[in-house]
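Here the structure is laid out as structure tokens; the discussion comes afterwards.
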Amino acid sequence: MAGIYIHVPFCKQKCSYCDFASFPKEIGKAEAYFACLYKELKARGLQLKDKKFNTVYFGGGTPSFVEPKYIYGALKQVLTCFNVDKNAEITLEVNPSTIDEQKLKVYKNAGINRFSVGLQTANDNTLYSINRIHTVEDFKKAIELLKDYNVSVDVMIGLPNETVSDVQNTLDLATSYPQVKHVSVYALKAEEGTPMFTRYLNGELLSDDEVADIYDFVVKYLYGKGYERYEVSNFAKSGYESKHNKNYWARGEYIGVGVGASSFINDRRFTNTESIDEYVHAVLNGKVAEVFSEEVTGDDAKAEYAMLNLRTSKGISFSEYRSIFGTEFIVDFSKAIKGNSNYLDKTADGLKIKDEYLYVQNSILVDFISEKQ
Amino acid sequence: MSEIRKENIRNFCIIAHIDHGKSTLADRLIEMTGQVAERDMEQQLLDSMDLERERGITIKLTPVRMLYKAKNGEEYIFNLIDTPGHVDFTYEVSRSLKACEGAILIVDASQGIQAQTLANVYLALDSNLEIMPVINKIDLPSADPDSVGKEIEDVIGLDGANAPRISAKTGINIEEVLERIVTDIPAPKCNDGAPLKALIFDSYYDNFKGVILFVRVVDGEVKPGTKIKTFMSDKTFDVVEVGTFNPDLRPKNTLSSGEVGYIAASIKSISDIEVGDTVYDVENPTSEPLPGYKKAQPVVFSGIYPLDGSKFNDLKEALLKLKLNDASLTFEPDHSTALGFGFRCGFLGLLHMEIIQERLEREFGLDIITTAPSVSYIVHKTDGEVLTVENPTKLPPVVEIEYNEEPIISASIYTPPDYVGAIMELCQEKRGVMKDMSYIDDKRVKLNYELPLNEIVFDFFDGLKSRTRGYASFDYEVSGYKRSDLVKLDMLLNGEICDALSIIVHKDKAYARGRAIAEKLKEAIPRQMFEIPVQAAVGGKVIARETVKALRKDVLAKCYGGDITRKKKLLEKQKEGKKKMRKLGSVEIPSEAFMSILKIDSSDK
């Protein structure tokens, strides 16, 4: 089973930490963009007609910012051009201030069955300071609207001046709605070139220790509310893990369409251009808009498999590894396993990073990658 | 050319303080005698080491032979033999001086005579050289040639009033310098009939010709076919080629007494000859070598390790190549538990050490880790045995030591009077004993100190520079050994001694230094999966402790839209960083950690 990712590169205004392909000033290009997106979907659909897909994910930007007809159109095109399972998980990212009853009706008709709502924090001052366009009130309204759906909430930690109690408020709010079955918790990362980077340079952001304190709190809090951590940043009530996300960590296949979208199909990773103009130009000329492509096979594939699966709470499955690569994980990675034995736990069919080390996993992952390169 | 009589040969060198214009004057002389086309000259400049050019110091220039038609109508051969300008290379200077009859002393018209220059002037006087002062940089607004002229008379006792006043940079009065070389510097004494005696004053390795000897023929003559030998080696070599420096090697039929030139004799290894040694003719041998030969003794030692352990052989090759042209560099294989295989290297001094380290990095593209510089200690063991210890890890256990001796230097510091207090304070901190203080004039004071070399190799120069805003200059020579209360300071990481960080210090300094190093290491060692105690210990007793806290957040955030590639790249970067780390037990140590302890300033405590 594989996933489909659709990128909507428009938003009302840039959040101050955002370095994704999203262009507030280019909303005028939406018509042309979606026309091309449909075209790309069709072309990819033809190439991949033998593959079965079980997730569709609209990410952005702010997919709920554009006219809902585009989402409707894109999803119809997906269902027409791809072999999509009828129980597919179809997610739309939503900014709380950009959704209303009318839009929701269109989304529902199109077939969206899961919403990922970006709350980030329940502190209005912080929301304002990081250039989010919504308020806590907007979130409450949006979440009420979505009460009959499967909803995920995005929360950010490590925001400027944030304390554990801020995060507690945020989680209190998010988890007070029964429809919220899933919470994603990402630590703020100040990317170069964003306004947040300036704040980072000014020393306004939290230290790693402070963020780690918050993270530890989050894990405990959400566990107490019945949300299990299934990946380092993702928490869900039983049975509500995001299939789309899990596919990434499982090293499953996915096709990404639109600007900046990444794909992994038939052992090849490739990424589209981040420029709307370049994208439109390429697609109109019947070309692919890829700017990067690499084959990942052999040891590289094994290294990727280890790196991705170790992010999850479940960890590595020896039998799955064997069935994919035909070799033994413990043989292929014997050195890394030995060197990190203090940080790894055995599971019934494999191994995983101990819970308490999941948040310091990089140096462990590096050992696994190094062994296969 | 060969018709020029011996009395028209002038062999001379140039003595100058760093940055007082030695290379510029040399270039000007070469240009004015028209020996080298301007384009080639550029080439010649570029041929010298990058390092020298960047630091504005000249370690060595190849000798140059110039033809000069003097105003008296006669043609002269000028052999300019360059001398290294730094105290580390005093021995090399003395050898070069022995090849000359005279020396041009360049004095900066605004700065006057500097300490180092003076030291070399005395060397030149010792070698009975005729010294010809020249006042340079008279084009500078701050130039004061009259008082500099007077200083030359007062300090050295030379005729400063009549010294040519020049600007090597703009070319003012260079003609006068050329004429004065003819009139002031004596012609070589010649003795063609005597058995061959030639002084080796330098050498380098040529891939085709083998070792090229730079010689001054004192007696007799040498030509292709001559069977030669030196006093320090048993090997006999057949001379293949002799010639002069124009400045490229130009073959000649013979080299005879009074001449400066080169000998190529298919010498495979530079270790077969030693600079300062005397070449003689096997079939017509001389019984006496030329005086003054001394084996160059390293005084500063440090471990050099490849950053990437697998590059050990590359490092070895590079050191061997450097050694081809630098007989004073010594090295032997060494092993450290933290750094793996490397070399314990000996240097003439700190500058020499820095130059070698930089050349390894630049010319050979090697990433290296160097350990703290050490000196050579004499250890008297309780059982009567006496050891020389250059490597802190080789110091015997305390219980086996009766007492230790450390090398002492005699230092001359020249400074404007304003900084005397600061310098005295610094020398005090460095266990110095003042021997003498004299006012040279109202602008300059000379301080004589006895200082342990061990204190100098740490951060003395930086301290001197910063406390005197660069105005003080410093000269030293090793004067002997003195009994001293020395201890080995070990650094423990996660309870394990990191041998590469061990140093030998005076007992009274151990606590402060141990604490300073522990603090530096705490900064330099990245947080890891577990808490790392960083301890300083003397004889097993911990005297300072810091802690590198365990890592708490080291994870890649959101994998946006499945961009695994970006994630991989980030991990890849982290992997490269990790690869550069050294492992001591389970602790990963970045190379900066080893370097950071080199930069402990005593004011840090």
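Please note that chains go A, B, ... in the order of the structure tokens, that every chain numbers its residues from 1, and that ligands are numbered from 1 in the order shown.
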
Taking 3 positions as the minimum chain separation for residues in the same chain, which residues sit within 6 Å of Thr98 in chain A when counting only C-alpha atoms? Answer as a list in words.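 The contact residues come out as Ser64, Phe65 and Asn95 of chain A.
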
Output C-alpha atoms for every residue in the selection just made, as a CSV table (one decimal), in the first residue's frame.
```csv
chain,number,residue,atom,x,y,z
A,64,SER,CA,-7.9,25.2,3.8
A,65,PHE,CA,-7.0,28.7,2.7
A,95,ASN,CA,-5.8,26.3,9.8
```

Margin query: Using only C-alpha atoms and a cut-off of 6 Å, which residues of chain A sit close to chain B? Please list them as a ChimeraX atom specification.
Written below: /A:208,212,262,359-362,366

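The interatomic distance for the pair CA of Pro133 in chain B and CA of Val217 in chain B works out to 26.2 Å.
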
note - CA of Lys338 in chain A and CA of Val232 in chain A are separated by 22.6 Å

Report task. Pull the helix (DSSP H, G or I) assignments for range 266-489 of chain B out of DSSP run on the backbone, and list those residues as a count of residues only. Result -> 67

Worksheet item: Residues at most 12 Å from Pro396 in chain B, counting only C-alpha atoms, excluding those fewer than 4 positions away in the same chain, as a PyMOL selection string?
Response: chain B and resi 377-383+385-392+400-404+486-488+504+539

With N, CA and C atoms retained, export the selected residues as an mmCIF file, in the first residue's frame.
```cif
data_model
loop_
_atom_site.group_PDB
_atom_site.id
_atom_site.type_symbol
_atom_site.label_atom_id
_atom_site.label_comp_id
_atom_site.auth_asym_id
_atom_site.auth_seq_id
_atom_site.Cartn_x
_atom_site.Cartn_y
_atom_site.Cartn_z
ATOM 1 N N TYR B 377 62.581 16.946 29.807
ATOM 2 C CA TYR B 377 62.894 16.964 31.242
ATOM 3 C C TYR B 377 63.933 15.909 31.568
ATOM 4 N N ILE B 378 64.686 16.170 32.594
ATOM 5 C CA ILE B 378 65.618 15.154 33.068
ATOM 6 C C ILE B 378 65.072 14.602 34.381
ATOM 7 N N VAL B 379 64.869 13.301 34.390
ATOM 8 C CA VAL B 379 64.281 12.666 35.562
ATOM 9 C C VAL B 379 65.347 11.830 36.271
ATOM 10 N N HIS B 380 65.531 12.119 37.532
ATOM 11 C CA HIS B 380 66.459 11.317 38.342
ATOM 12 C C HIS B 380 65.641 10.353 39.158
ATOM 13 N N LYS B 381 65.804 9.071 38.864
ATOM 14 C CA LYS B 381 64.999 8.073 39.566
ATOM 15 C C LYS B 381 65.662 7.671 40.869
ATOM 16 N N THR B 382 64.837 7.145 41.760
ATOM 17 C CA THR B 382 65.359 6.749 43.067
ATOM 18 C C THR B 382 66.413 5.660 42.946
ATOM 19 N N ASP B 383 66.321 4.853 41.877
ATOM 20 C CA ASP B 383 67.308 3.786 41.712
ATOM 21 C C ASP B 383 68.581 4.293 41.025
ATOM 22 N N GLU B 385 68.876 5.777 38.170
ATOM 23 C CA GLU B 385 68.780 5.924 36.725
ATOM 24 C C GLU B 385 68.397 7.371 36.363
ATOM 25 N N VAL B 386 68.945 7.853 35.262
ATOM 26 C CA VAL B 386 68.608 9.203 34.810
ATOM 27 C C VAL B 386 67.961 9.117 33.437
ATOM 28 N N LEU B 387 66.772 9.670 33.311
ATOM 29 C CA LEU B 387 66.030 9.581 32.056
ATOM 30 C C LEU B 387 65.806 10.958 31.463
ATOM 31 N N THR B 388 65.680 11.000 30.151
ATOM 32 C CA THR B 388 65.220 12.215 29.504
ATOM 33 C C THR B 388 63.787 11.966 29.073
ATOM 34 N N VAL B 389 62.885 12.814 29.495
ATOM 35 C CA VAL B 389 61.470 12.601 29.191
ATOM 36 C C VAL B 389 60.927 13.781 28.398
ATOM 37 N N GLU B 390 60.468 13.475 27.178
ATOM 38 C CA GLU B 390 59.916 14.524 26.333
ATOM 39 C C GLU B 390 58.408 14.398 26.218
ATOM 40 N N ASN B 391 57.910 13.261 26.654
ATOM 41 C CA ASN B 391 56.503 12.969 26.496
ATOM 42 C C ASN B 391 55.900 12.750 27.886
ATOM 43 N N PRO B 392 54.950 13.574 28.267
ATOM 44 C CA PRO B 392 54.394 13.483 29.629
ATOM 45 C C PRO B 392 53.978 12.067 30.007
ATOM 46 N N GLU B 400 58.852 6.641 42.034
ATOM 47 C CA GLU B 400 60.146 6.235 41.475
ATOM 48 C C GLU B 400 61.051 7.426 41.201
ATOM 49 N N ILE B 401 60.526 8.630 41.427
ATOM 50 C CA ILE B 401 61.296 9.815 41.077
ATOM 51 C C ILE B 401 61.969 10.419 42.305
ATOM 52 N N GLU B 402 63.273 10.560 42.198
ATOM 53 C CA GLU B 402 64.020 11.245 43.248
ATOM 54 C C GLU B 402 63.796 12.748 43.084
ATOM 55 N N TYR B 403 64.140 13.250 41.919
ATOM 56 C CA TYR B 403 63.832 14.642 41.581
ATOM 57 C C TYR B 403 63.898 14.847 40.074
ATOM 58 N N ASN B 404 63.344 15.969 39.632
ATOM 59 C CA ASN B 404 63.311 16.283 38.204
ATOM 60 C C ASN B 404 64.071 17.571 37.927
ATOM 61 N N LEU B 486 58.170 19.222 39.732
ATOM 62 C CA LEU B 486 57.254 19.020 38.609
ATOM 63 C C LEU B 486 56.318 17.851 38.877
ATOM 64 N N VAL B 487 55.109 17.987 38.381
ATOM 65 C CA VAL B 487 54.174 16.869 38.495
ATOM 66 C C VAL B 487 53.500 16.632 37.152
ATOM 67 N N LYS B 488 52.975 15.438 37.012
ATOM 68 C CA LYS B 488 52.208 15.144 35.804
ATOM 69 C C LYS B 488 50.738 15.415 36.106
ATOM 70 N N ILE B 504 53.062 18.055 31.827
ATOM 71 C CA ILE B 504 53.916 18.158 33.005
ATOM 72 C C ILE B 504 53.937 19.624 33.416
ATOM 73 N N GLY B 539 48.881 12.595 40.333
ATOM 74 C CA GLY B 539 49.244 11.395 41.084
ATOM 75 C C GLY B 539 48.032 10.650 41.616
#
```

Note to self: Which residue is closest to Lys227 in chain B? Choose from B:Val134, B:Val399, B:Ile263, B:Ala143 and count only C-alpha atoms.
What the structure shows: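 That would be B:Ile263, the residue with the smallest distance to Lys227 in chain B.
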